[in-house]
Every structure is written in C-alpha cells, then in structure tokens.
>>> print(open('query08.txt').read())   # compact mmCIF, N, CA and C atoms
# COMPACT_ATOMS: atom_id res chain seq x y z
N MET A 1 0.85 -1.18 0.00
CA MET A 1 0.00 0.00 0.00
C MET A 1 0.89 1.24 0.00
N SER A 2 0.59 2.21 -0.84
CA SER A 2 1.42 3.40 -0.93
C SER A 2 1.05 4.40 0.17
N ALA A 3 2.03 5.21 0.55
CA ALA A 3 1.81 6.23 1.57
C ALA A 3 0.94 7.35 1.00
N VAL A 4 0.17 7.97 1.87
CA VAL A 4 -0.69 9.06 1.48
C VAL A 4 0.05 10.36 1.79
N SER A 5 0.12 11.24 0.81
CA SER A 5 0.84 12.50 1.00
C SER A 5 -0.04 13.52 1.71
N SER A 6 0.60 14.51 2.31
CA SER A 6 -0.14 15.58 2.97
C SER A 6 -0.96 16.37 1.95
N GLU A 7 -0.49 16.45 0.70
CA GLU A 7 -1.25 17.13 -0.35
C GLU A 7 -2.55 16.37 -0.65
N GLN A 8 -2.48 15.04 -0.71
CA GLN A 8 -3.68 14.23 -0.97
C GLN A 8 -4.69 14.39 0.17
N ILE A 9 -4.19 14.40 1.39
CA ILE A 9 -5.07 14.58 2.55
C ILE A 9 -5.74 15.95 2.48
N ALA A 10 -4.99 16.99 2.17
CA ALA A 10 -5.54 18.34 2.07
C ALA A 10 -6.59 18.42 0.97
N ARG A 11 -6.32 17.77 -0.16
CA ARG A 11 -7.30 17.78 -1.27
C ARG A 11 -8.58 17.07 -0.87
N ALA A 12 -8.45 15.92 -0.21
CA ALA A 12 -9.63 15.17 0.23
C ALA A 12 -10.43 15.99 1.24
N ARG A 13 -9.77 16.61 2.20
CA ARG A 13 -10.45 17.45 3.18
C ARG A 13 -11.21 18.59 2.50
N GLY A 14 -10.53 19.26 1.60
CA GLY A 14 -11.15 20.37 0.89
C GLY A 14 -12.37 19.95 0.11
N LEU A 15 -12.27 18.82 -0.55
CA LEU A 15 -13.39 18.31 -1.35
C LEU A 15 -14.58 17.97 -0.46
N MET A 16 -14.33 17.29 0.66
CA MET A 16 -15.42 16.92 1.56
C MET A 16 -16.11 18.15 2.14
N ARG A 17 -15.35 19.18 2.40
CA ARG A 17 -15.95 20.40 2.97
C ARG A 17 -16.68 21.22 1.91
N ARG A 18 -16.26 21.09 0.65
CA ARG A 18 -16.83 21.88 -0.44
C ARG A 18 -18.12 21.27 -1.00
N VAL A 19 -18.19 19.95 -1.09
CA VAL A 19 -19.32 19.27 -1.73
C VAL A 19 -20.44 19.07 -0.71
N ASP A 20 -21.66 19.44 -1.09
CA ASP A 20 -22.78 19.34 -0.14
C ASP A 20 -23.74 18.18 -0.41
N ARG A 21 -23.48 17.41 -1.47
CA ARG A 21 -24.32 16.25 -1.76
C ARG A 21 -23.43 15.10 -2.20
N VAL A 22 -23.91 13.90 -1.94
CA VAL A 22 -23.12 12.70 -2.22
C VAL A 22 -23.99 11.64 -2.86
N ALA A 23 -23.35 10.75 -3.58
CA ALA A 23 -24.00 9.50 -3.98
C ALA A 23 -23.80 8.57 -2.79
N LEU A 24 -24.88 8.05 -2.27
CA LEU A 24 -24.86 7.16 -1.11
C LEU A 24 -25.13 5.75 -1.59
N ALA A 25 -24.16 4.87 -1.41
CA ALA A 25 -24.32 3.47 -1.81
C ALA A 25 -24.49 2.61 -0.56
N THR A 26 -25.51 1.76 -0.60
CA THR A 26 -25.81 0.85 0.50
C THR A 26 -25.98 -0.56 -0.07
N LEU A 27 -26.21 -1.50 0.81
CA LEU A 27 -26.47 -2.88 0.40
C LEU A 27 -27.88 -3.27 0.82
N LEU A 28 -28.73 -3.50 -0.17
CA LEU A 28 -30.09 -3.96 0.14
C LEU A 28 -30.02 -5.39 0.65
N PRO A 29 -30.86 -5.73 1.60
CA PRO A 29 -30.89 -7.12 2.07
C PRO A 29 -31.18 -8.09 0.92
N ALA A 30 -30.91 -9.36 1.14
CA ALA A 30 -31.05 -10.39 0.10
C ALA A 30 -32.39 -10.34 -0.61
N ALA A 31 -33.44 -10.00 0.11
CA ALA A 31 -34.77 -9.95 -0.51
C ALA A 31 -34.82 -8.92 -1.63
N GLY A 32 -33.91 -7.93 -1.60
CA GLY A 32 -33.88 -6.92 -2.64
C GLY A 32 -33.19 -7.41 -3.90
N ASP A 33 -32.45 -8.49 -3.81
CA ASP A 33 -31.75 -9.03 -4.95
C ASP A 33 -32.73 -9.84 -5.81
N ALA A 34 -32.58 -9.74 -7.11
CA ALA A 34 -33.52 -10.40 -8.03
C ALA A 34 -33.67 -11.89 -7.74
N ASP A 35 -32.57 -12.57 -7.43
CA ASP A 35 -32.67 -14.02 -7.18
C ASP A 35 -32.56 -14.36 -5.69
N GLY A 36 -32.50 -13.34 -4.83
CA GLY A 36 -32.45 -13.58 -3.39
C GLY A 36 -31.15 -14.19 -2.91
N SER A 37 -30.09 -14.14 -3.73
CA SER A 37 -28.84 -14.82 -3.37
C SER A 37 -27.94 -14.01 -2.46
N GLY A 38 -28.20 -12.75 -2.29
CA GLY A 38 -27.34 -11.94 -1.44
C GLY A 38 -27.69 -10.47 -1.55
N PRO A 39 -26.94 -9.65 -0.84
CA PRO A 39 -27.23 -8.21 -0.88
C PRO A 39 -27.08 -7.64 -2.28
N ALA A 40 -27.88 -6.64 -2.56
CA ALA A 40 -27.81 -5.97 -3.86
C ALA A 40 -27.34 -4.53 -3.65
N PRO A 41 -26.41 -4.06 -4.46
CA PRO A 41 -25.96 -2.68 -4.33
C PRO A 41 -27.08 -1.72 -4.69
N TYR A 42 -27.12 -0.59 -4.00
CA TYR A 42 -28.16 0.41 -4.24
C TYR A 42 -27.52 1.78 -4.03
N ALA A 43 -27.67 2.67 -5.00
CA ALA A 43 -27.12 4.02 -4.89
C ALA A 43 -28.25 5.04 -4.93
N SER A 44 -28.10 6.08 -4.14
CA SER A 44 -29.09 7.15 -4.10
C SER A 44 -28.37 8.47 -3.82
N LEU A 45 -29.12 9.54 -3.84
CA LEU A 45 -28.57 10.87 -3.59
C LEU A 45 -28.88 11.28 -2.16
N ALA A 46 -27.91 11.86 -1.49
CA ALA A 46 -28.12 12.37 -0.13
C ALA A 46 -27.38 13.69 0.03
N LEU A 47 -27.89 14.53 0.90
CA LEU A 47 -27.18 15.74 1.27
C LEU A 47 -26.24 15.40 2.41
N ALA A 48 -25.09 16.05 2.45
CA ALA A 48 -24.09 15.72 3.46
C ALA A 48 -23.49 16.98 4.07
N ALA A 49 -23.05 16.82 5.29
CA ALA A 49 -22.22 17.79 5.98
C ALA A 49 -21.07 16.98 6.56
N VAL A 50 -20.12 17.63 7.19
CA VAL A 50 -19.04 16.88 7.83
C VAL A 50 -18.84 17.37 9.25
N ASP A 51 -18.45 16.45 10.12
CA ASP A 51 -18.13 16.77 11.50
C ASP A 51 -16.72 17.35 11.55
N HIS A 52 -16.28 17.77 12.71
CA HIS A 52 -14.94 18.36 12.86
C HIS A 52 -13.85 17.44 12.36
N ASP A 53 -14.02 16.13 12.55
CA ASP A 53 -13.01 15.15 12.13
C ASP A 53 -13.25 14.64 10.70
N LEU A 54 -14.13 15.31 9.97
CA LEU A 54 -14.50 14.99 8.59
C LEU A 54 -15.42 13.78 8.46
N ALA A 55 -15.92 13.25 9.56
CA ALA A 55 -16.90 12.17 9.46
C ALA A 55 -18.15 12.74 8.80
N PRO A 56 -18.61 12.14 7.70
CA PRO A 56 -19.82 12.63 7.04
C PRO A 56 -21.05 12.51 7.94
N VAL A 57 -21.93 13.49 7.82
CA VAL A 57 -23.18 13.53 8.57
C VAL A 57 -24.31 13.59 7.56
N LEU A 58 -25.29 12.71 7.74
CA LEU A 58 -26.44 12.60 6.83
C LEU A 58 -27.72 12.74 7.64
N LEU A 59 -28.76 13.23 7.01
CA LEU A 59 -30.10 13.26 7.59
C LEU A 59 -30.97 12.40 6.69
N LEU A 60 -31.45 11.27 7.24
CA LEU A 60 -32.16 10.29 6.43
C LEU A 60 -33.52 9.95 7.02
N SER A 61 -34.48 9.71 6.14
CA SER A 61 -35.80 9.27 6.56
C SER A 61 -35.84 7.75 6.64
N ARG A 62 -36.46 7.24 7.67
CA ARG A 62 -36.57 5.78 7.78
C ARG A 62 -37.46 5.19 6.69
N LEU A 63 -38.20 6.04 5.99
CA LEU A 63 -39.05 5.58 4.89
C LEU A 63 -38.25 5.33 3.61
N ALA A 64 -37.02 5.83 3.55
CA ALA A 64 -36.19 5.70 2.36
C ALA A 64 -35.56 4.31 2.27
N GLU A 65 -35.41 3.85 1.05
CA GLU A 65 -34.81 2.54 0.79
C GLU A 65 -33.40 2.45 1.39
N HIS A 66 -32.61 3.51 1.23
CA HIS A 66 -31.24 3.46 1.74
C HIS A 66 -31.19 3.35 3.27
N THR A 67 -32.15 3.95 3.95
CA THR A 67 -32.17 3.87 5.42
C THR A 67 -32.53 2.47 5.88
N ARG A 68 -33.45 1.84 5.20
CA ARG A 68 -33.79 0.44 5.53
C ARG A 68 -32.59 -0.46 5.28
N ALA A 69 -31.85 -0.18 4.22
CA ALA A 69 -30.64 -0.96 3.93
C ALA A 69 -29.59 -0.78 5.04
N ILE A 70 -29.42 0.45 5.51
CA ILE A 70 -28.46 0.73 6.59
C ILE A 70 -28.86 0.00 7.87
N ALA A 71 -30.16 -0.09 8.13
CA ALA A 71 -30.62 -0.80 9.32
C ALA A 71 -30.23 -2.27 9.27
N ALA A 72 -30.17 -2.83 8.08
CA ALA A 72 -29.81 -4.25 7.91
C ALA A 72 -28.30 -4.45 7.83
N ASP A 73 -27.59 -3.48 7.26
CA ASP A 73 -26.13 -3.57 7.09
C ASP A 73 -25.60 -2.14 7.05
N ALA A 74 -24.90 -1.74 8.08
CA ALA A 74 -24.48 -0.34 8.26
C ALA A 74 -23.37 0.10 7.30
N ARG A 75 -22.82 -0.82 6.51
CA ARG A 75 -21.74 -0.43 5.59
C ARG A 75 -22.28 0.45 4.47
N VAL A 76 -21.57 1.56 4.25
CA VAL A 76 -21.96 2.50 3.19
C VAL A 76 -20.71 2.97 2.45
N SER A 77 -20.95 3.52 1.28
CA SER A 77 -19.92 4.21 0.53
C SER A 77 -20.53 5.52 0.06
N LEU A 78 -19.77 6.60 0.19
CA LEU A 78 -20.22 7.91 -0.25
C LEU A 78 -19.27 8.42 -1.32
N LEU A 79 -19.81 8.95 -2.39
CA LEU A 79 -19.00 9.56 -3.44
C LEU A 79 -19.17 11.06 -3.36
N PHE A 80 -18.08 11.76 -3.02
CA PHE A 80 -18.03 13.22 -3.05
C PHE A 80 -17.51 13.60 -4.42
N ASP A 81 -18.36 14.21 -5.23
CA ASP A 81 -18.07 14.49 -6.63
C ASP A 81 -17.73 15.97 -6.82
N GLY A 82 -16.47 16.24 -7.12
CA GLY A 82 -16.02 17.61 -7.33
C GLY A 82 -15.91 17.99 -8.78
N THR A 83 -16.66 17.32 -9.64
CA THR A 83 -16.51 17.53 -11.08
C THR A 83 -17.53 18.50 -11.67
N SER A 84 -18.42 19.02 -10.88
CA SER A 84 -19.47 19.90 -11.39
C SER A 84 -18.88 21.11 -12.11
N GLY A 85 -19.43 21.38 -13.27
CA GLY A 85 -19.03 22.55 -14.03
C GLY A 85 -17.78 22.38 -14.89
N LEU A 86 -17.14 21.24 -14.80
CA LEU A 86 -15.94 21.02 -15.61
C LEU A 86 -16.33 20.59 -17.03
N ALA A 87 -15.59 21.07 -18.01
CA ALA A 87 -15.84 20.67 -19.40
C ALA A 87 -15.60 19.18 -19.58
N HIS A 88 -14.63 18.65 -18.86
CA HIS A 88 -14.29 17.22 -18.93
C HIS A 88 -14.33 16.67 -17.50
N ALA A 89 -15.46 16.08 -17.15
CA ALA A 89 -15.70 15.64 -15.77
C ALA A 89 -14.62 14.73 -15.22
N LEU A 90 -14.06 13.86 -16.05
CA LEU A 90 -13.07 12.91 -15.54
C LEU A 90 -11.75 13.56 -15.17
N THR A 91 -11.59 14.85 -15.42
CA THR A 91 -10.38 15.54 -14.99
C THR A 91 -10.53 16.10 -13.58
N GLY A 92 -11.72 16.00 -13.02
CA GLY A 92 -11.98 16.57 -11.70
C GLY A 92 -11.76 15.60 -10.55
N GLU A 93 -11.72 16.17 -9.36
CA GLU A 93 -11.53 15.37 -8.15
C GLU A 93 -12.81 14.67 -7.73
N ARG A 94 -12.65 13.48 -7.21
CA ARG A 94 -13.75 12.77 -6.58
C ARG A 94 -13.16 11.88 -5.50
N LEU A 95 -13.95 11.67 -4.46
CA LEU A 95 -13.49 10.94 -3.30
C LEU A 95 -14.55 9.93 -2.89
N SER A 96 -14.16 8.68 -2.80
CA SER A 96 -15.03 7.64 -2.27
C SER A 96 -14.65 7.42 -0.81
N VAL A 97 -15.64 7.49 0.06
CA VAL A 97 -15.44 7.28 1.49
C VAL A 97 -16.26 6.07 1.88
N MET A 98 -15.62 5.11 2.53
CA MET A 98 -16.31 3.89 2.96
C MET A 98 -16.28 3.80 4.48
N GLY A 99 -17.38 3.34 5.05
CA GLY A 99 -17.45 3.21 6.50
C GLY A 99 -18.79 2.65 6.92
N ARG A 100 -19.12 2.93 8.17
CA ARG A 100 -20.37 2.44 8.74
C ARG A 100 -21.21 3.63 9.22
N ALA A 101 -22.47 3.64 8.82
CA ALA A 101 -23.39 4.71 9.21
C ALA A 101 -24.02 4.36 10.54
N GLU A 102 -23.92 5.29 11.48
CA GLU A 102 -24.46 5.08 12.82
C GLU A 102 -25.43 6.19 13.16
N LYS A 103 -26.63 5.83 13.59
CA LYS A 103 -27.62 6.83 13.99
C LYS A 103 -27.07 7.59 15.19
N SER A 104 -27.34 8.90 15.22
CA SER A 104 -26.83 9.73 16.31
C SER A 104 -27.85 10.78 16.72
N THR A 105 -27.91 11.04 18.01
CA THR A 105 -28.73 12.13 18.54
C THR A 105 -27.85 13.26 19.06
N GLU A 106 -26.58 13.24 18.71
CA GLU A 106 -25.61 14.24 19.15
C GLU A 106 -26.03 15.63 18.65
N PRO A 107 -26.31 16.58 19.54
CA PRO A 107 -26.73 17.92 19.10
C PRO A 107 -25.72 18.60 18.18
N ARG A 108 -24.45 18.37 18.37
CA ARG A 108 -23.42 18.98 17.53
C ARG A 108 -23.58 18.58 16.07
N LEU A 109 -23.92 17.31 15.82
CA LEU A 109 -24.10 16.84 14.44
C LEU A 109 -25.31 17.49 13.80
N ARG A 110 -26.37 17.61 14.57
CA ARG A 110 -27.58 18.29 14.07
C ARG A 110 -27.23 19.73 13.70
N ALA A 111 -26.51 20.42 14.57
CA ALA A 111 -26.15 21.81 14.34
C ALA A 111 -25.26 21.95 13.10
N ARG A 112 -24.30 21.07 12.95
CA ARG A 112 -23.40 21.15 11.80
C ARG A 112 -24.16 20.88 10.50
N TYR A 113 -25.04 19.89 10.52
CA TYR A 113 -25.81 19.57 9.33
C TYR A 113 -26.72 20.74 8.94
N LEU A 114 -27.44 21.28 9.92
CA LEU A 114 -28.37 22.36 9.62
C LEU A 114 -27.66 23.66 9.26
N ALA A 115 -26.45 23.85 9.72
CA ALA A 115 -25.67 25.02 9.29
C ALA A 115 -25.34 24.89 7.80
N ARG A 116 -25.10 23.67 7.35
CA ARG A 116 -24.78 23.42 5.94
C ARG A 116 -26.04 23.39 5.07
N HIS A 117 -27.14 22.88 5.64
CA HIS A 117 -28.40 22.74 4.90
C HIS A 117 -29.54 23.35 5.70
N PRO A 118 -29.62 24.67 5.79
CA PRO A 118 -30.66 25.31 6.62
C PRO A 118 -32.08 24.96 6.20
N GLU A 119 -32.29 24.64 4.93
CA GLU A 119 -33.63 24.27 4.46
C GLU A 119 -34.12 22.97 5.10
N ALA A 120 -33.22 22.16 5.60
CA ALA A 120 -33.59 20.88 6.22
C ALA A 120 -34.24 21.08 7.59
N GLU A 121 -34.14 22.27 8.15
CA GLU A 121 -34.78 22.57 9.43
C GLU A 121 -36.29 22.29 9.35
N ALA A 122 -36.87 22.45 8.16
CA ALA A 122 -38.31 22.25 7.97
C ALA A 122 -38.75 20.81 8.24
N TYR A 123 -37.85 19.84 8.06
CA TYR A 123 -38.24 18.44 8.26
C TYR A 123 -37.32 17.66 9.20
N ALA A 124 -36.26 18.27 9.67
CA ALA A 124 -35.29 17.56 10.54
C ALA A 124 -35.93 17.05 11.82
N GLY A 125 -36.97 17.68 12.28
CA GLY A 125 -37.62 17.26 13.52
C GLY A 125 -38.73 16.22 13.33
N PHE A 126 -39.03 15.87 12.08
CA PHE A 126 -40.07 14.86 11.84
C PHE A 126 -39.63 13.53 12.46
N ALA A 127 -40.59 12.77 12.95
CA ALA A 127 -40.30 11.51 13.65
C ALA A 127 -39.58 10.49 12.78
N ASP A 128 -39.79 10.53 11.45
CA ASP A 128 -39.16 9.53 10.60
C ASP A 128 -37.74 9.92 10.16
N PHE A 129 -37.24 11.09 10.55
CA PHE A 129 -35.89 11.51 10.18
C PHE A 129 -34.91 11.35 11.33
N SER A 130 -33.71 10.91 11.00
CA SER A 130 -32.63 10.78 11.99
C SER A 130 -31.32 11.21 11.35
N PHE A 131 -30.42 11.66 12.20
CA PHE A 131 -29.07 11.99 11.75
C PHE A 131 -28.19 10.75 11.86
N TYR A 132 -27.30 10.61 10.91
CA TYR A 132 -26.35 9.50 10.88
C TYR A 132 -24.95 10.07 10.73
N ARG A 133 -24.02 9.50 11.46
CA ARG A 133 -22.61 9.84 11.34
C ARG A 133 -21.92 8.64 10.71
N VAL A 134 -21.13 8.87 9.69
CA VAL A 134 -20.41 7.78 9.04
C VAL A 134 -19.01 7.69 9.64
N ALA A 135 -18.75 6.57 10.30
CA ALA A 135 -17.42 6.30 10.85
C ALA A 135 -16.56 5.82 9.68
N VAL A 136 -15.66 6.67 9.24
CA VAL A 136 -14.86 6.39 8.05
C VAL A 136 -13.82 5.31 8.34
N GLU A 137 -13.79 4.30 7.47
CA GLU A 137 -12.82 3.21 7.58
C GLU A 137 -11.78 3.26 6.47
N ARG A 138 -12.16 3.88 5.35
CA ARG A 138 -11.28 3.91 4.20
C ARG A 138 -11.74 5.01 3.26
N ALA A 139 -10.79 5.57 2.51
CA ALA A 139 -11.13 6.58 1.50
C ALA A 139 -10.22 6.42 0.31
N HIS A 140 -10.73 6.83 -0.85
CA HIS A 140 -9.95 6.74 -2.09
C HIS A 140 -10.18 8.01 -2.89
N LEU A 141 -9.12 8.79 -3.08
CA LEU A 141 -9.18 10.03 -3.83
C LEU A 141 -8.68 9.82 -5.24
N VAL A 142 -9.46 10.29 -6.20
CA VAL A 142 -9.03 10.33 -7.59
C VAL A 142 -8.95 11.81 -7.93
N ALA A 143 -7.76 12.27 -8.24
CA ALA A 143 -7.53 13.71 -8.40
C ALA A 143 -7.54 14.12 -9.88
N GLY A 144 -7.96 13.24 -10.76
CA GLY A 144 -8.02 13.55 -12.18
C GLY A 144 -8.30 12.26 -12.93
N VAL A 145 -7.97 12.21 -14.18
CA VAL A 145 -8.25 11.02 -14.98
C VAL A 145 -7.60 9.79 -14.36
N GLY A 146 -8.43 8.76 -14.15
CA GLY A 146 -8.01 7.44 -13.72
C GLY A 146 -7.32 7.33 -12.45
>>> encode(input="query08.txt", output="structure tokens")
Amino acid sequence: MSAVSSEQIARARGLMRRVDRVALATLLPAAGDADGSGPAPYASLALAAVDHDLAPVLLLSRLAEHTRAIAADARVSLLFDGTSGLAHALTGERLSVMGRAEKSTEPRLRARYLARHPEAEAYAGFADFSFYRVAVERAHLVAGVG
C-alpha cells in the first residue's frame, strides 16, 4: 500500500468540505436481490455535511430505501463528486469514502448539518428523520483522470 501525502489529505479534506451532496451506496438485504442470493448494491442521492473530524453527517428518513438498507447492514460508501461545471468531468476530483453509518442524537451533528443545509430545518424534527454519522474506515481520492 502506498503512503498518502499531505497534499492528498488536504485535497480530500477540501473536497469533503466543499461538496454538499453525495452519492450514497448501500447494500439492500437479500430480498432486494432479483434471485435472493445476497445483498444488492443500491445508490441514491443524499445531502451531506461533515463533522470536525470529517466524518460525514447525513439526515435520512426511515421511509427511504437506503435507510432500511443501513438498518440491515451499516456499511456504506459515499462519493463526493467535485466535477461539477468542468468541461471534462473525468479531470476533476472525486473521493469515495467507505465506512459504517451510525444513527446519532448528538446535538453537535444536528447543528453542523443544519448550518450546511438550513432548508432541512423544515423536516429535521419529523419523527421519521434521523441523523447519521459515518465512521470512516477507508477513503480513495481520484484527483483527475483514472
């Protein structure tokens, strides 16, 4: 495994702080798979904020498919896409973050999320919504083509 440079870490941090939405990938339980043989990958869109240590923070409804998948298997992958507005998207930065999503009632996470997404205040208190903190286990930065 190659060493990670301080420049790569700085780029990943900057990207996570800059991007406010992510592709959220989860694993649907076996029943979601066409032949029932195992979990099926599922990707959706989610809004994100980050905690002080860069752990992603999500606000999810228990009615959503991805939230039911997290309840069955907490492993998730988030894609922070920094390619918006580029003439050639594959030249832009993107970061895949893998970890486990954990429901949290920590007031700090709520405050950080709502500071990033003030419009979410309208539904953040609904009974079916909860905040989740992703405990990052691994990340992969692509800083340009390939």
>>> residues_around(input="query08.txt", residues="A:Met16", least_positions_apart="3", cutoff="6.5 Å", atoms="all atoms listed in the file", output="VMD selection string")
chain A and resid 11 to 13 19 50 80
>>> atom_distance(input="query08.txt", atom1="atom N of A:Val134", atom2="atom C of A:Arg116")
16.0 Å
>>> closest_residue(input="query08.txt", among="A:Val76, A:Leu47, A:Ala10, A:Val142", to="A:Thr26", atoms="only C-alpha atoms")
A:Val76
>>> atom_distance(input="query08.txt", atom1="atom C of A:Ala72", atom2="atom N of A:Tyr132")
15.4 Å
>>> closest_residue(input="query08.txt", among="A:Pro56, A:Pro29, A:Pro118, A:Gly144", to="A:Thr91", atoms="only C-alpha atoms")
A:Gly144
>>> residues_near_point(input="query08.txt", point="(-18.3, 12.7, 5.0)", cutoff="8 Å", atoms="all atoms listed in the file", output="list in words")
Met16, Arg17, Ala48, Ala49, Val50, Asp51, Asp53, Leu54, Ala55, Pro56, Val57, Leu58, Leu78, Val97, Arg133, Val134 and Val136 of chain A
>>> axis_aligned_box(input="query08.txt", around="stretch 135-139 of chain A", padding_each_side="5 Å", output="lines of an AutoDock Vina configuration file")
center_x = -14.5
center_y = 4.9
center_z = 5.6
size_x = 18.5
size_y = 13.5
size_z = 20.5
>>> closest_residue(input="query08.txt", among="A:Leu15, A:Ala122, A:Ala101, A:Leu109", to="A:Ser77", atoms="all atoms listed in the file")
A:Ala101
>>> atom_distance(input="query08.txt", atom1="atom C of A:Arg112", atom2="atom CA of A:Gly125")
14.3 Å
>>> closest_residue(input="query08.txt", among="A:Ala30, A:Ala46, A:Ala139, A:Ala127", to="A:Gly99", atoms="only C-alpha atoms")
A:Ala139
>>> closest_residue(input="query08.txt", among="A:Arg21, A:His52, A:Arg75, A:Arg62", to="A:Met98", atoms="only C-alpha atoms")
A:Arg75
>>> closest_residue(input="query08.txt", among="A:Pro39, A:Glu119, A:Leu28, A:Arg94", to="A:Ala69", atoms="only N, CA and C atoms")
A:Leu28
>>> select_by_dssp(input="query08.txt", residues="chain A", states="strand (DSSP E or B)", output="ChimeraX atom specification")
/A:21-28,40-50,56-61,75-81,94-104,129-142
>>> select_by_dssp(input="query08.txt", residues="stretch 9-132 of chain A", states="helix (DSSP H, G or I)", output="compact mmCIF listing (two decimals) with N, CA and C atoms, in the coordinates of the input")
# COMPACT_ATOMS: atom_id res chain seq x y z
N ILE A 9 -4.19 14.40 1.39
CA ILE A 9 -5.07 14.58 2.55
C ILE A 9 -5.74 15.95 2.48
N ALA A 10 -4.99 16.99 2.17
CA ALA A 10 -5.54 18.34 2.07
C ALA A 10 -6.59 18.42 0.97
N ARG A 11 -6.32 17.77 -0.16
CA ARG A 11 -7.30 17.78 -1.27
C ARG A 11 -8.58 17.07 -0.87
N ALA A 12 -8.45 15.92 -0.21
CA ALA A 12 -9.63 15.17 0.23
C ALA A 12 -10.43 15.99 1.24
N ARG A 13 -9.77 16.61 2.20
CA ARG A 13 -10.45 17.45 3.18
C ARG A 13 -11.21 18.59 2.50
N GLY A 14 -10.53 19.26 1.60
CA GLY A 14 -11.15 20.37 0.89
C GLY A 14 -12.37 19.95 0.11
N LEU A 15 -12.27 18.82 -0.55
CA LEU A 15 -13.39 18.31 -1.35
C LEU A 15 -14.58 17.97 -0.46
N MET A 16 -14.33 17.29 0.66
CA MET A 16 -15.42 16.92 1.56
C MET A 16 -16.11 18.15 2.14
N ARG A 17 -15.35 19.18 2.40
CA ARG A 17 -15.95 20.40 2.97
C ARG A 17 -16.68 21.22 1.91
N ARG A 18 -16.26 21.09 0.65
CA ARG A 18 -16.83 21.88 -0.44
C ARG A 18 -18.12 21.27 -1.00
N ALA A 30 -30.91 -9.36 1.14
CA ALA A 30 -31.05 -10.39 0.10
C ALA A 30 -32.39 -10.34 -0.61
N ALA A 31 -33.44 -10.00 0.11
CA ALA A 31 -34.77 -9.95 -0.51
C ALA A 31 -34.82 -8.92 -1.63
N GLY A 32 -33.91 -7.93 -1.60
CA GLY A 32 -33.88 -6.92 -2.64
C GLY A 32 -33.19 -7.41 -3.90
N GLU A 65 -35.41 3.85 1.05
CA GLU A 65 -34.81 2.54 0.79
C GLU A 65 -33.40 2.45 1.39
N HIS A 66 -32.61 3.51 1.23
CA HIS A 66 -31.24 3.46 1.74
C HIS A 66 -31.19 3.35 3.27
N THR A 67 -32.15 3.95 3.95
CA THR A 67 -32.17 3.87 5.42
C THR A 67 -32.53 2.47 5.88
N ARG A 68 -33.45 1.84 5.20
CA ARG A 68 -33.79 0.44 5.53
C ARG A 68 -32.59 -0.46 5.28
N ALA A 69 -31.85 -0.18 4.22
CA ALA A 69 -30.64 -0.96 3.93
C ALA A 69 -29.59 -0.78 5.04
N ILE A 70 -29.42 0.45 5.51
CA ILE A 70 -28.46 0.73 6.59
C ILE A 70 -28.86 0.00 7.87
N ALA A 71 -30.16 -0.09 8.13
CA ALA A 71 -30.62 -0.80 9.32
C ALA A 71 -30.23 -2.27 9.27
N ALA A 72 -30.17 -2.83 8.08
CA ALA A 72 -29.81 -4.25 7.91
C ALA A 72 -28.30 -4.45 7.83
N ALA A 89 -15.46 16.08 -17.15
CA ALA A 89 -15.70 15.64 -15.77
C ALA A 89 -14.62 14.73 -15.22
N LEU A 90 -14.06 13.86 -16.05
CA LEU A 90 -13.07 12.91 -15.54
C LEU A 90 -11.75 13.56 -15.17
N THR A 91 -11.59 14.85 -15.42
CA THR A 91 -10.38 15.54 -14.99
C THR A 91 -10.53 16.10 -13.58
N PRO A 107 -26.31 16.58 19.54
CA PRO A 107 -26.73 17.92 19.10
C PRO A 107 -25.72 18.60 18.18
N ARG A 108 -24.45 18.37 18.37
CA ARG A 108 -23.42 18.98 17.53
C ARG A 108 -23.58 18.58 16.07
N LEU A 109 -23.92 17.31 15.82
CA LEU A 109 -24.10 16.84 14.44
C LEU A 109 -25.31 17.49 13.80
N ARG A 110 -26.37 17.61 14.57
CA ARG A 110 -27.58 18.29 14.07
C ARG A 110 -27.23 19.73 13.70
N ALA A 111 -26.51 20.42 14.57
CA ALA A 111 -26.15 21.81 14.34
C ALA A 111 -25.26 21.95 13.10
N ARG A 112 -24.30 21.07 12.95
CA ARG A 112 -23.40 21.15 11.80
C ARG A 112 -24.16 20.88 10.50
N TYR A 113 -25.04 19.89 10.52
CA TYR A 113 -25.81 19.57 9.33
C TYR A 113 -26.72 20.74 8.94
N LEU A 114 -27.44 21.28 9.92
CA LEU A 114 -28.37 22.36 9.62
C LEU A 114 -27.66 23.66 9.26
N ALA A 115 -26.45 23.85 9.72
CA ALA A 115 -25.67 25.02 9.29
C ALA A 115 -25.34 24.89 7.80
N ARG A 116 -25.10 23.67 7.35
CA ARG A 116 -24.78 23.42 5.94
C ARG A 116 -26.04 23.39 5.07
N PRO A 118 -29.62 24.67 5.79
CA PRO A 118 -30.66 25.31 6.62
C PRO A 118 -32.08 24.96 6.20
N GLU A 119 -32.29 24.64 4.93
CA GLU A 119 -33.63 24.27 4.46
C GLU A 119 -34.12 22.97 5.10
N ALA A 120 -33.22 22.16 5.60
CA ALA A 120 -33.59 20.88 6.22
C ALA A 120 -34.24 21.08 7.59
N GLU A 121 -34.14 22.27 8.15
CA GLU A 121 -34.78 22.57 9.43
C GLU A 121 -36.29 22.29 9.35
N ALA A 122 -36.87 22.45 8.16
CA ALA A 122 -38.31 22.25 7.97
C ALA A 122 -38.75 20.81 8.24
